[in-house]
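Beneath this line is the structure, given in structure tokens, with notes to follow.
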Amino acid sequence: MKIDHKDLYKNLSSNEFEKSYALETIISIIEHLDNDEIRKECLELLNKFKINNDKFFKILENLLISDSNKEIRYIAVKILSENFLLKTLRAFEWALKNETSYNCLILIINALEEANSIQARNILIEEIKRTKPPKFRPIININQLDRLSINYLGNILKNYITIKFLKNKFPQLEYKSENGMIIELDLSKINTPITCWRDRCEIQDISEITGIRNLKNLRNLKCFPLTWATQNEFNLECFISLILTLLNKRDKETVKKLFLSNINIMKDEESYSEIKNFVKNPNYQDTFSDTKLAEILINYSILSFLKKKYPQLQYEIQKGVIVALEISDKPIIKIPEFIKHLHLLRTLKLKKCNIYSIPLSIGELKGLEVLNLEDNYLHGLPESIGKLESLRILNLKRNQLKEIPKSIGSLKNLEYLNLEMNCLMRLPSSIGLLFKLNYLNVKSNHLKEIPS
């Protein structure tokens with residue numbers, strides 16, 4: 001089933017009869033359809049039109065309390081907060097006790113802070129008393145909670161919930177708190193293995209990792225050990241998400257110190273010894289921004305993972321970041337998502353690697369100049385390939401491509417395009433927009449004509 005957004009939009013904007021009919025249709029979809037993606041679209045559509053009647057309120061309240069999809073519950077909390085805040089406080093109180101989604105809980109606490117009412121304060125105070133977080137207990141005087149601001153009460157709960165979820169996922173995690181706030185976090189002893197699909201699903205949900213941004217008083221943090229981060233792609237994504245989360249914290253100097261301390265414990269490999277010694281020198285530390293240090297850490301972790309998995313990997317590093325990668329005759333199957341974090345990558349060569357698909361995120365490699373995917377099993381290319389604005393050389397020889405996306409015409413700097421030995425029956429007319437193209441090879445395909 002596909003929603004016709006134009007018809008729904010038109011009906012919601014027109015006379016009362018058609019608007020009422022559209023509302024009933026959308027509400028029926030939300031309540032009965034099994035497709036959660038369409039249900040989410042319908043909720044967002046109703047929110048766009050600021051529907052705030054009692055019927056919609058009760059539907060949202062019911063979704064918050066009983067829907068099995070955490071993303072649906074999150075949207076319900078969002079809409080309730082924006083349109084029915086004071087009316088929904090009692091439902092939020094229930095959800096604080098029963099909700100299992102980290103993001104939903106944080107959004108509810110933010111909404112209670114926004115309400116800033118006596119009822120909202122009491123809900124937060126009662127929740128703090130109910131949870132009685134062990135490590136927080138000696139520091140928080142339960143009898144003096146009434147004296148704290150509603151924002152401080154909310155932050156106590158956000159700190160507790162963040163640590164609770166992190167601790168459930170990473171039992172070896174250690175931390176210190178002060179006045180109800182986390183000030184130190186140690187992830188360096190984490191060695192949680194992935195032994196089954198459930199572990200894999202758990203580690204892929206990085207909401208708790210990104211939730212570290214809610215620890216406003218965090219002054220010291222030790223990252224995941226590199227041996228753990230390089231075990232698999234899921235662990236690596238956790239490591240990268242942690243670095244990016246810290247990068248978004250407001251206290252730039254503290255973040256910079258955290259990054260420097262983690263760079264200092266990197267192994268003295270030939271490729272990084274120079275940059276490490278440079279970073280260690282106090283005279284030069286001010287020349288490195290927190291963004292540059294984060295980039296070095298992320299590139300180092302990705303390189304360590306790739307070298308461990310593909311010992312024959314060839315690469316080039318300049319100023320602490322990877323600018324070229326090459327792997328040949330090694331089954332990769334699909335290009336990993338984490339490749340998008342190599343922002344300064346200029347050359348990527350993956351020949352004879354049994355690659356079936358390219359991720360949409362390939363388009364984020366804005367500096368990529370050479371992409372060689374010769375002799376793989378590609379059936380198609382993502383539209384995002386057209387975002388590679390610096391690309392000069394594209395070699396797709398010996399694949400199974402049946403079509404080329406129209407976005408290929410956006411590669412304004414493309415000079416070399418090799419499509420030899422594929423299954424192409426036609427080329428998009430946009431290929432005529434490649435004004436810098438001076439080499440095009442389409443031999444051994446099924447083409448009847450080439451666009452002018």
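Simple scheme: letters A, B, ... for chains in structure tokens order, numbers from 1 for residues in each chain, numbers from 1 for ligands in the order shown.
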Polymer residues at most 12 Å from Leu345 (chain A), only C-alpha atoms, same-chain spacing of 3 or more positions, as a PyMOL selection string:
chain A and resi 295+299+315-318+320-326+339-342+348-349+362+364-371+388+390-391
12 Å contact set for Ile161 (chain A), only C-alpha atoms, chain neighbours under 6 positions out, as a ChimeraX atom specification:
/A:96-97,99-109,127-128,131-133,136,154-155,167-168,180-182,207-208,211-212,214-215
Residue selection dump (N, CA and C atoms) as a CSV table (one decimal), in the first residue's frame:
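In the end it all went to again_28.csv:
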```
chain,number,residue,atom,x,y,z
A,96,LEU,N,7.5,6.9,32.0
A,96,LEU,CA,8.8,6.9,32.7
A,96,LEU,C,9.1,5.7,33.5
A,97,LYS,N,8.0,5.0,33.9
A,97,LYS,CA,8.1,3.8,34.7
A,97,LYS,C,8.2,2.6,33.8
A,99,GLU,N,8.6,2.6,30.0
A,99,GLU,CA,9.2,2.7,28.6
A,99,GLU,C,10.6,2.0,28.6
A,100,THR,N,10.9,1.4,27.5
A,100,THR,CA,12.2,0.6,27.4
A,100,THR,C,13.1,1.3,26.3
A,101,SER,N,12.7,2.3,25.6
A,101,SER,CA,13.5,3.0,24.6
A,101,SER,C,14.2,4.1,25.3
A,102,TYR,N,15.5,4.2,25.1
A,102,TYR,CA,16.3,5.3,25.6
A,102,TYR,C,15.9,6.6,25.1
A,103,ASN,N,15.8,6.7,23.8
A,103,ASN,CA,15.4,8.0,23.1
A,103,ASN,C,14.1,8.5,23.6
A,104,CYS,N,13.1,7.6,23.8
A,104,CYS,CA,11.8,8.0,24.2
A,104,CYS,C,11.9,8.6,25.6
A,105,LEU,N,12.6,7.9,26.5
A,105,LEU,CA,12.7,8.4,27.9
A,105,LEU,C,13.4,9.8,28.0
A,106,ILE,N,14.4,10.0,27.2
A,106,ILE,CA,15.1,11.3,27.2
A,106,ILE,C,14.1,12.4,26.7
A,107,LEU,N,13.4,12.0,25.6
A,107,LEU,CA,12.4,13.0,25.1
A,107,LEU,C,11.3,13.4,26.1
A,108,ILE,N,10.9,12.4,26.8
A,108,ILE,CA,9.9,12.6,27.9
A,108,ILE,C,10.4,13.5,29.0
A,109,ILE,N,11.6,13.3,29.4
A,109,ILE,CA,12.2,14.1,30.4
A,109,ILE,C,12.4,15.5,29.9
A,127,GLU,N,10.1,10.1,40.4
A,127,GLU,CA,10.9,9.1,39.6
A,127,GLU,C,12.3,8.9,40.1
A,128,ILE,N,12.9,10.0,40.6
A,128,ILE,CA,14.2,9.9,41.2
A,128,ILE,C,14.2,9.1,42.5
A,131,THR,N,13.6,5.3,41.5
A,131,THR,CA,14.7,4.6,40.9
A,131,THR,C,15.9,4.4,41.9
A,132,LYS,N,16.1,5.4,42.8
A,132,LYS,CA,17.2,5.3,43.8
A,132,LYS,C,18.4,4.8,43.2
A,133,PRO,N,19.0,5.5,42.2
A,133,PRO,CA,20.2,5.0,41.6
A,133,PRO,C,21.3,4.8,42.6
A,136,PHE,N,24.4,7.1,42.8
A,136,PHE,CA,24.0,8.4,43.0
A,136,PHE,C,23.5,8.7,44.4
A,154,GLY,N,15.8,17.1,35.9
A,154,GLY,CA,15.8,16.4,34.7
A,154,GLY,C,17.2,15.8,34.3
A,155,ASN,N,18.2,16.6,34.6
A,155,ASN,CA,19.6,16.2,34.3
A,155,ASN,C,20.0,15.0,35.1
A,167,LYS,N,25.4,0.7,30.9
A,167,LYS,CA,25.8,-0.4,31.8
A,167,LYS,C,25.2,-1.8,31.4
A,168,ASN,N,23.9,-1.7,31.0
A,168,ASN,CA,23.2,-2.9,30.5
A,168,ASN,C,23.9,-3.5,29.2
A,180,GLY,N,25.0,14.0,41.6
A,180,GLY,CA,24.0,13.4,40.7
A,180,GLY,C,24.4,13.5,39.2
A,181,MET,N,25.6,13.9,38.9
A,181,MET,CA,26.0,14.0,37.5
A,181,MET,C,27.3,13.2,37.2
A,182,ILE,N,27.3,12.5,36.1
A,182,ILE,CA,28.5,11.7,35.7
A,182,ILE,C,29.6,12.7,35.3
A,207,SER,N,21.9,4.3,20.3
A,207,SER,CA,21.2,5.4,20.9
A,207,SER,C,21.9,5.8,22.3
A,208,GLU,N,22.4,4.8,23.0
A,208,GLU,CA,23.0,5.1,24.3
A,208,GLU,C,24.4,5.7,24.1
A,211,GLY,N,23.8,9.1,23.3
A,211,GLY,CA,23.2,9.7,24.5
A,211,GLY,C,24.2,10.2,25.5
A,212,ILE,N,25.5,9.9,25.3
A,212,ILE,CA,26.6,10.4,26.1
A,212,ILE,C,26.6,12.0,26.1
A,214,ASN,N,24.2,13.7,26.7
A,214,ASN,CA,23.4,14.2,27.8
A,214,ASN,C,24.2,14.3,29.1
A,215,LEU,N,25.4,13.8,29.1
A,215,LEU,CA,26.2,13.9,30.3
A,215,LEU,C,27.0,15.2,30.3
```
Need to verify the contact set: region 46-60 of chain A, 12 Å, only C-alpha atoms, exclusion of same-chain residues closer than 3 positions in sequence. Can you return it as number ranges by chain?
A: 5, 8-13, 19-20, 22-32, 39-43, 63-67, 72-88, 91-92
Name the residues of region 115-360 of chain A that come out as strand (DSSP E or B) in a backbone DSSP run; write them as a PyMOL selection string.
chain A and resi 174-178+181-186+220-222+314-318+321-328+334+347-351+357
Env of region 418-433 of chain A: 12 Å cut, atoms = only C-alpha atoms, seq-sep filter 3 positions within chain, self excluded. Answer as an NGL selection string.
:A and (371-380 or 386 or 392-415 or 436-452)
Residue subset to file, keeping N, CA and C atoms, as a compact mmCIF listing (two decimals), in the first residue's frame:
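Result went into again.txt, see below:
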```txt
# COMPACT_ATOMS: atom_id res chain seq x y z
N LEU A 371 37.77 6.02 -8.47
CA LEU A 371 36.98 4.89 -7.95
C LEU A 371 37.10 3.75 -8.94
N ASN A 372 37.77 2.68 -8.51
CA ASN A 372 38.00 1.52 -9.37
C ASN A 372 37.33 0.30 -8.74
N LEU A 373 36.25 -0.15 -9.35
CA LEU A 373 35.51 -1.33 -8.86
C LEU A 373 35.48 -2.41 -9.94
N GLU A 374 36.55 -2.54 -10.65
CA GLU A 374 36.64 -3.50 -11.76
C GLU A 374 36.51 -4.94 -11.27
N ASP A 375 35.82 -5.75 -12.09
CA ASP A 375 35.72 -7.19 -11.87
C ASP A 375 35.04 -7.54 -10.55
N ASN A 376 33.80 -7.05 -10.39
CA ASN A 376 32.97 -7.39 -9.23
C ASN A 376 31.62 -7.89 -9.72
N TYR A 377 30.61 -7.87 -8.87
CA TYR A 377 29.28 -8.38 -9.24
C TYR A 377 28.19 -7.31 -9.08
N LEU A 378 28.53 -6.09 -9.38
CA LEU A 378 27.58 -4.99 -9.23
C LEU A 378 26.46 -5.08 -10.28
N HIS A 379 25.20 -5.01 -9.80
CA HIS A 379 24.05 -5.00 -10.71
C HIS A 379 23.53 -3.58 -10.94
N GLY A 380 23.87 -2.68 -10.03
CA GLY A 380 23.40 -1.31 -10.15
C GLY A 380 24.25 -0.36 -9.32
N GLY A 386 26.22 10.29 -8.06
CA GLY A 386 26.31 11.60 -8.71
C GLY A 386 26.79 12.71 -7.80
N ARG A 392 37.24 11.91 -11.03
CA ARG A 392 37.85 12.06 -12.36
C ARG A 392 37.87 10.74 -13.12
N ILE A 393 38.08 9.63 -12.37
CA ILE A 393 38.22 8.31 -12.98
C ILE A 393 37.24 7.34 -12.34
N LEU A 394 36.41 6.71 -13.18
CA LEU A 394 35.44 5.71 -12.70
C LEU A 394 35.57 4.47 -13.56
N ASN A 395 36.06 3.38 -12.95
CA ASN A 395 36.27 2.13 -13.67
C ASN A 395 35.31 1.07 -13.13
N LEU A 396 34.34 0.68 -13.98
CA LEU A 396 33.34 -0.33 -13.60
C LEU A 396 33.38 -1.52 -14.56
N LYS A 397 34.52 -1.74 -15.15
CA LYS A 397 34.71 -2.84 -16.11
C LYS A 397 34.44 -4.19 -15.44
N ARG A 398 33.86 -5.12 -16.23
CA ARG A 398 33.58 -6.50 -15.79
C ARG A 398 32.71 -6.53 -14.52
N ASN A 399 31.52 -5.98 -14.63
CA ASN A 399 30.51 -6.12 -13.60
C ASN A 399 29.24 -6.65 -14.26
N GLN A 400 28.10 -6.52 -13.62
CA GLN A 400 26.84 -7.00 -14.19
C GLN A 400 25.81 -5.87 -14.21
N LEU A 401 26.28 -4.68 -14.48
CA LEU A 401 25.41 -3.50 -14.49
C LEU A 401 24.39 -3.57 -15.61
N LYS A 402 23.12 -3.35 -15.24
CA LYS A 402 22.04 -3.35 -16.23
C LYS A 402 21.62 -1.94 -16.62
N GLU A 403 21.92 -0.99 -15.74
CA GLU A 403 21.62 0.41 -16.06
C GLU A 403 22.53 1.33 -15.26
N ILE A 404 22.63 2.54 -15.72
CA ILE A 404 23.43 3.57 -15.07
C ILE A 404 22.47 4.68 -14.62
N PRO A 405 22.55 5.14 -13.38
CA PRO A 405 21.61 6.18 -12.93
C PRO A 405 21.81 7.51 -13.65
N LYS A 406 20.72 8.27 -13.75
CA LYS A 406 20.77 9.58 -14.42
C LYS A 406 21.76 10.52 -13.74
N SER A 407 21.94 10.31 -12.44
CA SER A 407 22.82 11.21 -11.67
C SER A 407 24.26 11.18 -12.15
N ILE A 408 24.60 10.21 -13.01
CA ILE A 408 25.97 10.14 -13.54
C ILE A 408 26.33 11.45 -14.24
N GLY A 409 25.31 12.14 -14.76
CA GLY A 409 25.54 13.40 -15.46
C GLY A 409 25.99 14.53 -14.56
N SER A 410 25.93 14.31 -13.23
CA SER A 410 26.36 15.34 -12.28
C SER A 410 27.85 15.30 -12.00
N LEU A 411 28.53 14.28 -12.55
CA LEU A 411 29.98 14.15 -12.31
C LEU A 411 30.74 15.09 -13.24
N LYS A 412 30.73 16.35 -12.92
CA LYS A 412 31.24 17.40 -13.81
C LYS A 412 32.74 17.29 -14.08
N ASN A 413 33.47 16.60 -13.20
CA ASN A 413 34.93 16.50 -13.39
C ASN A 413 35.36 15.15 -13.96
N LEU A 414 34.40 14.31 -14.33
CA LEU A 414 34.74 12.97 -14.81
C LEU A 414 35.44 13.03 -16.17
N GLU A 415 36.62 12.39 -16.23
CA GLU A 415 37.42 12.37 -17.46
C GLU A 415 37.49 10.97 -18.07
N LYS A 436 33.84 17.06 -19.51
CA LYS A 436 35.28 16.83 -19.38
C LYS A 436 35.67 15.40 -19.77
N LEU A 437 34.68 14.58 -20.10
CA LEU A 437 34.95 13.18 -20.43
C LEU A 437 35.76 13.07 -21.73
N ASN A 438 36.92 12.41 -21.63
CA ASN A 438 37.73 12.20 -22.85
C ASN A 438 37.98 10.72 -23.12
N TYR A 439 37.45 9.84 -22.23
CA TYR A 439 37.57 8.40 -22.47
C TYR A 439 36.27 7.72 -22.03
N LEU A 440 35.63 7.02 -22.96
CA LEU A 440 34.42 6.26 -22.65
C LEU A 440 34.51 4.91 -23.33
N ASN A 441 34.43 3.84 -22.53
CA ASN A 441 34.52 2.48 -23.07
C ASN A 441 33.23 1.74 -22.71
N VAL A 442 32.45 1.37 -23.74
CA VAL A 442 31.20 0.64 -23.51
C VAL A 442 31.19 -0.67 -24.31
N LYS A 443 32.35 -1.18 -24.65
CA LYS A 443 32.44 -2.43 -25.41
C LYS A 443 31.84 -3.59 -24.62
N SER A 444 31.37 -4.60 -25.37
CA SER A 444 30.85 -5.84 -24.79
C SER A 444 29.67 -5.58 -23.85
N ASN A 445 28.72 -4.78 -24.32
CA ASN A 445 27.44 -4.59 -23.64
C ASN A 445 26.33 -4.95 -24.63
N HIS A 446 25.10 -4.54 -24.37
CA HIS A 446 23.98 -4.82 -25.28
C HIS A 446 23.36 -3.52 -25.77
N LEU A 447 24.19 -2.52 -25.97
CA LEU A 447 23.71 -1.20 -26.36
C LEU A 447 23.30 -1.16 -27.83
N LYS A 448 22.17 -0.47 -28.07
CA LYS A 448 21.72 -0.27 -29.45
C LYS A 448 22.12 1.11 -29.95
N GLU A 449 22.27 2.04 -29.02
CA GLU A 449 22.69 3.38 -29.40
C GLU A 449 23.34 4.07 -28.21
N ILE A 450 24.09 5.11 -28.49
CA ILE A 450 24.72 5.92 -27.45
C ILE A 450 24.14 7.32 -27.55
N PRO A 451 23.68 7.88 -26.43
CA PRO A 451 23.10 9.23 -26.47
C PRO A 451 24.09 10.24 -27.02
N SER A 452 23.57 11.23 -27.73
CA SER A 452 24.45 12.26 -28.30
C SER A 452 24.88 13.24 -27.22
```
Where in region 154-375 of chain A does DSSP assign helix (DSSP H, G or I), given as a ChimeraX atom specification?
/A:154-169,197-204,207-214,226-229,233-247,252-263,270-280,285-287,290-309,337-341,360-364
